[in-house]
Structure formats: structure tokens, C-alpha cells
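Scroll down for the structure; my scribbles are underneath it.
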Amino acid sequence: MSITHWIPLPPSQFVMAAGVPGGGYTLLARQYQQKLALMGIRCDIVTTEKAHGGYRLLSSTPDVDLALVNGMFAKQSNADQFQALAVIQHDPIWIFTRMPTLVNLSQLRGLRVGYPDYDELNFKVLKLVLDQGRLETKDVEGVPLDRASMANALIDSKVDALVFMGSMRNDIVTALARSNGIQLMGMDRIGAATSADGSLGPLVIPQGAIEFRGDVPSRDLTLAIANVHLLTRPEMHPALQRAILDASYQIHETPNFMHRSEEFPTVIGSDFKVSPTALAYSRGSKPWTEYVLPYGWAQGLEWFLYAGLPILLVTVLMLVWIPRWFEWRSNALLQNFYGELKFLETEIDSVASERPIEMKRLLQRIDEIDMQVMQLDLPTPHAERWYTLRSHLADARDRLLGLRAR
């Protein structure tokens, strides 16, 4: 069995679950794919039919190793089976409208409010937004929309407002922010929303931060946001976790209107249990080999230093020590037989003169020793001593037989 079964090398490829094709999560996953490819790691991306389907894939598909997951999924019953590597960005709740008189959520009453029908999370978001306006779903005309028609539904006046949660990279956000007559709404009494759902927090978007020329938003707005996590299984190799975090630092180090410089990735504020490897990484704990060598070389060297080298040293020591042990063991055996033979030769003289009846016992003992010596499996260098010992035993036997015949 290979030693890598007991001390495995980190994998050179893994599977990452994103969102719908062309969505913000998928675009972000492509960035990870590109950065990791430069390290020699292959990242296979799987998309889903639902915008926030990464968590479902991670939960139900053993082949999926990593997923981009919204913090609102942390309340799922099986959430403790997974670990977060980091929080990497915020997902705001976007409320777009084409009605300039719409300034607070209570004014949505009786209006057509569109929401994604391809995302179970966004219906929960719609209800939360309506709660903020002290409304119920029956107070508005909810219009479920597929992804392809969402932006056009608002632009073409098929709905009066759109409510959804998504990344700032979302092409729907980009399209609506650049459309004339479309404005972004904030959420009043944001504290009530964050207390109702602990995974939400407030974020102030400055005037013109999204689209400067189009003045979007037209004033400072407070949006409700949720954290987006890199979520994985506890058994993911620590070295691969650190490589993903290295890529994450490169991707998210540039600030934008959603976060400050070096704010992400972070383990602070994670809605999921944080991986011990990620916690150590956040404190600067990382093998020295990964600072000076590329990923593949670093892992190969680390494996050699902590597994291959000790085994090599033990092997060398055994190759040196085992022959010496055999040498010592062979010498000890022969020396023991020589000592017993010397004792018997001394006893032969006294027995012959004082206790002749014990000669038979001495002869039996000499035969026993000779039989034991014959069964010895000694190295070739000890063959001469082996023959000499047997010759001395034969001499002792002959001498004892001669005294017995008198």
C-alpha cells in the first residue's frame, strides 16, 4: 500500500458549485478558476438552475467540494456539516423601480412586484421586504419572473418594481443601473430587518457609487446585505484550503463601493462554522514552504520533509543497524555456547573422578548443545566459528566417552 494513502498529497483538482450560468456567482467562480489554474490547480465549475443553488449541490452531491453560499442558508438543518473558508463579499437586497414617486416600501401596496422564480431564497427576500413595508404578499401582485426576462420586465413596464438578492456582478443589476428611468430604493428601518434575520446587516451605498454618470443611486441609500461564503467540507485537504484562500486574497483585495481595501476575505462575521485551517491562515499561520515555492513544489517538498525524509532516515538506520544487530546476536549466541562448553569441560574432570554416574547427563547435554548449534542460521562470516565450536563439542564428546570406557 502506498504511503500516500496514510499521508496524502493535496489534490490537484476539485469541483466548485456556483449559481446560474452567466450570473454573478458564476463570474466570480471563473475568477477563482483562473487564479487557481496559475497555481497548477484545476477548478471544475458546476452551475445550477437556481441562483443560490450552490448550497443544495454541496449538500446533495459528494463530488462537489466547494460552493459559493449566501449566509441566509446558515439556518439549514445540515449547515453544521460544512465549514466556511472565508466571507468573500456582500450580497445586497436590490429593490429597483421605475416609479419616481416610490420612496418607501409601504408604497408597494397594490403594485406589481417582480421577483425571481428560479431562486427559492428570493421569495423569502420578497416577504422580508414586504414585512419592512408592513405589507403581506396578498397586498401586492407578485410576479414571478425567469432570469432572462427580469430586467426587461421592469424596463418595459410589465412590473412596477423588482426585488431580488444578488451579487454586484449580477448582469441584471448592471442592466438596470444603466437604464433610464430606473431607480434604486433603500430599506427604511434597516435595524428591524437585521434583527428579524441575523444573517442580514446594513450597508450604506453613497450617491452615484454604482453608476456615476447616471447618478445611481440618486442619494445615499441603506441596503440590507448578507455575507457570501466559500463553503466546503471539513475533509478538504488543508493545503488546498490555503491555496483557495491565496486566490481569494488576490481576487478581493481591490476595494469597491461594496467593501474597503483588504476587508475580504475574512473569517469575521461568518454565518457558518469556520474551518480551523482558515482560522490559522487568518492569523498568518502557513507552512514556510508555501511562502517560497509554488503550490505543487511546496506540497511535494513538505511531503518529502515530513513523510519521505523520516522514512528514508529510518530505512538507512535500519540498513546500518540490522546487520550490526545480527552480528551482535550471532556473537552472543556463539559466546553463550562456548561458555557453556567451557563449563562442561571443567565439570568432566571432576565427574570422572568423583561422580562417574553423572557422565551420562553430561553426554546428553553435549548432544543437546550440538543439536542447537546445528540449527543455528548464522551469517557467512561466522561459519568458521560455527565449525570450530562443533569441533570442540566433538572433542568434548570423545573425551567423555573415553573416560566412560575406562
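Starting from 1 in every chain, residues are counted up; chains themselves are A, B, ... following the order of the C-alpha cells, and ligands are numbered from 1 as listed.
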- Message: Residues of stretch 33-161 of chain A classed as helix (DSSP H, G or I) by DSSP on the backbone are to be reported as a ChimeraX atom specification.
- Response: /A:33-38,54-60,71-75,79-81,105-108,120-132,137-139,147-155
Interface rows for stretch 282-400 of chain A against stretch 238-261 of chain A: nearest pair, Å to one decimal, 9 Å, only C-alpha atoms, as a Markdown table:
```
| residue | atom | partner | partner_atom | distance |
| --- | --- | --- | --- | --- |
| A:Lys286 | CA | A:Arg242 | CA | 8.0 |
| A:Glu290 | CA | A:Ala239 | CA | 8.9 |
| A:Tyr295 | CA | A:Ala243 | CA | 7.3 |
| A:Gln299 | CA | A:Ala239 | CA | 7.6 |
```
- Message: Could you list, as a PyMOL selection string, every residue within 9 Å of A:Ala396, counting only C-alpha atoms and ignoring same-chain residues fewer than 3 positions away?
- Response: chain A and resi 341+344-345+348+363+366+391-393+399-401
Within 7 Å of A:Asn227, counting only C-alpha atoms, which residues qualify if same-chain residues fewer than 2 places away don't, as a PDB file with C-alpha atoms, in the first residue's frame?
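Output (selection_29.pdb):
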```pdb
ATOM      1  CA  ASN A  70     -25.264  33.053   0.908  1.00  0.00           C
ATOM      2  CA  GLY A  71     -25.293  33.373   4.697  1.00  0.00           C
ATOM      3  CA  VAL A  87     -16.580  35.549   3.902  1.00  0.00           C
ATOM      4  CA  GLN A  89     -18.316  39.630  -0.333  1.00  0.00           C
ATOM      5  CA  HIS A  90     -21.742  41.073   0.429  1.00  0.00           C
ATOM      6  CA  ASP A  91     -24.940  40.280  -1.446  1.00  0.00           C
ATOM      7  CA  ILE A 225     -26.858  42.733   2.853  1.00  0.00           C
ATOM      8  CA  HIS A 229     -19.103  32.405   1.951  1.00  0.00           C
TER       9      HIS A 229
END
```
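Straight-line separation from atom CA of A:Gly402 to atom CA of A:Ser350: 14.7 Å.
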- Sel. of strand (DSSP E) residues, stretch 186-297 of chain A, as an MDAnalysis selection string: chainID A and resid 200:205 221:232
Convert the current residue selection to file output with N, CA, C and O atoms, as a PDB file, in the first residue's frame.
```pdb
ATOM      1  N   LEU A 200     -28.495  39.070   8.118  1.00  0.00           N
ATOM      2  CA  LEU A 200     -28.507  40.317   7.360  1.00  0.00           C
ATOM      3  C   LEU A 200     -27.832  41.426   8.145  1.00  0.00           C
ATOM      4  O   LEU A 200     -27.813  41.429   9.377  1.00  0.00           O
ATOM      5  N   GLY A 201     -27.299  42.398   7.407  1.00  0.00           N
ATOM      6  CA  GLY A 201     -26.681  43.565   8.014  1.00  0.00           C
ATOM      7  C   GLY A 201     -26.910  44.773   7.128  1.00  0.00           C
ATOM      8  O   GLY A 201     -27.357  44.657   5.986  1.00  0.00           O
ATOM      9  N   PRO A 202     -26.588  45.974   7.609  1.00  0.00           N
ATOM     10  CA  PRO A 202     -26.795  47.187   6.820  1.00  0.00           C
ATOM     11  C   PRO A 202     -25.544  47.583   6.028  1.00  0.00           C
ATOM     12  O   PRO A 202     -24.420  47.299   6.433  1.00  0.00           O
ATOM     13  N   LEU A 203     -25.746  48.219   4.890  1.00  0.00           N
ATOM     14  CA  LEU A 203     -24.643  48.765   4.089  1.00  0.00           C
ATOM     15  C   LEU A 203     -25.129  50.048   3.423  1.00  0.00           C
ATOM     16  O   LEU A 203     -26.171  50.055   2.758  1.00  0.00           O
ATOM     17  N   VAL A 204     -24.374  51.117   3.618  1.00  0.00           N
ATOM     18  CA  VAL A 204     -24.715  52.404   3.007  1.00  0.00           C
ATOM     19  C   VAL A 204     -24.031  52.519   1.647  1.00  0.00           C
ATOM     20  O   VAL A 204     -22.802  52.381   1.552  1.00  0.00           O
ATOM     21  N   ILE A 205     -24.835  52.750   0.603  1.00  0.00           N
ATOM     22  CA  ILE A 205     -24.317  52.958  -0.750  1.00  0.00           C
ATOM     23  C   ILE A 205     -24.318  54.455  -1.034  1.00  0.00           C
ATOM     24  O   ILE A 205     -25.380  55.088  -1.056  1.00  0.00           O
ATOM     25  N   LEU A 221     -28.122  55.542   0.051  1.00  0.00           N
ATOM     26  CA  LEU A 221     -29.139  54.554   0.391  1.00  0.00           C
ATOM     27  C   LEU A 221     -28.560  53.513   1.342  1.00  0.00           C
ATOM     28  O   LEU A 221     -27.366  53.179   1.272  1.00  0.00           O
ATOM     29  N   THR A 222     -29.418  52.997   2.190  1.00  0.00           N
ATOM     30  CA  THR A 222     -29.029  51.890   3.069  1.00  0.00           C
ATOM     31  C   THR A 222     -29.687  50.615   2.556  1.00  0.00           C
ATOM     32  O   THR A 222     -30.913  50.547   2.440  1.00  0.00           O
ATOM     33  N   LEU A 223     -28.840  49.641   2.228  1.00  0.00           N
ATOM     34  CA  LEU A 223     -29.331  48.355   1.735  1.00  0.00           C
ATOM     35  C   LEU A 223     -29.106  47.277   2.793  1.00  0.00           C
ATOM     36  O   LEU A 223     -28.175  47.366   3.601  1.00  0.00           O
ATOM     37  N   ALA A 224     -29.953  46.277   2.763  1.00  0.00           N
ATOM     38  CA  ALA A 224     -29.730  45.091   3.597  1.00  0.00           C
ATOM     39  C   ALA A 224     -28.817  44.138   2.821  1.00  0.00           C
ATOM     40  O   ALA A 224     -29.003  43.915   1.630  1.00  0.00           O
ATOM     41  N   ILE A 225     -27.834  43.604   3.509  1.00  0.00           N
ATOM     42  CA  ILE A 225     -26.858  42.733   2.853  1.00  0.00           C
ATOM     43  C   ILE A 225     -26.711  41.426   3.626  1.00  0.00           C
ATOM     44  O   ILE A 225     -26.954  41.360   4.830  1.00  0.00           O
ATOM     45  N   ALA A 226     -26.310  40.385   2.911  1.00  0.00           N
ATOM     46  CA  ALA A 226     -25.946  39.099   3.515  1.00  0.00           C
ATOM     47  C   ALA A 226     -24.523  38.756   3.075  1.00  0.00           C
ATOM     48  O   ALA A 226     -24.073  39.178   2.002  1.00  0.00           O
ATOM     49  N   ASN A 227     -23.829  38.004   3.906  1.00  0.00           N
ATOM     50  CA  ASN A 227     -22.467  37.596   3.573  1.00  0.00           C
ATOM     51  C   ASN A 227     -22.473  36.422   2.591  1.00  0.00           C
ATOM     52  O   ASN A 227     -23.347  35.559   2.643  1.00  0.00           O
ATOM     53  N   VAL A 228     -21.491  36.422   1.710  1.00  0.00           N
ATOM     54  CA  VAL A 228     -21.286  35.294   0.803  1.00  0.00           C
ATOM     55  C   VAL A 228     -20.043  34.548   1.274  1.00  0.00           C
ATOM     56  O   VAL A 228     -19.000  35.154   1.529  1.00  0.00           O
ATOM     57  N   HIS A 229     -20.169  33.235   1.385  1.00  0.00           N
ATOM     58  CA  HIS A 229     -19.103  32.405   1.951  1.00  0.00           C
ATOM     59  C   HIS A 229     -18.520  31.446   0.917  1.00  0.00           C
ATOM     60  O   HIS A 229     -19.223  31.003   0.008  1.00  0.00           O
ATOM     61  N   LEU A 230     -17.265  31.127   1.125  1.00  0.00           N
ATOM     62  CA  LEU A 230     -16.661  29.961   0.482  1.00  0.00           C
ATOM     63  C   LEU A 230     -16.902  28.807   1.442  1.00  0.00           C
ATOM     64  O   LEU A 230     -16.300  28.740   2.519  1.00  0.00           O
ATOM     65  N   LEU A 231     -17.809  27.917   1.066  1.00  0.00           N
ATOM     66  CA  LEU A 231     -18.216  26.843   1.968  1.00  0.00           C
ATOM     67  C   LEU A 231     -17.688  25.509   1.454  1.00  0.00           C
ATOM     68  O   LEU A 231     -17.778  25.210   0.260  1.00  0.00           O
ATOM     69  N   THR A 232     -17.143  24.716   2.368  1.00  0.00           N
ATOM     70  CA  THR A 232     -16.541  23.444   1.971  1.00  0.00           C
ATOM     71  C   THR A 232     -16.846  22.366   2.997  1.00  0.00           C
ATOM     72  O   THR A 232     -17.495  22.632   4.023  1.00  0.00           O
TER      73      THR A 232
END
```
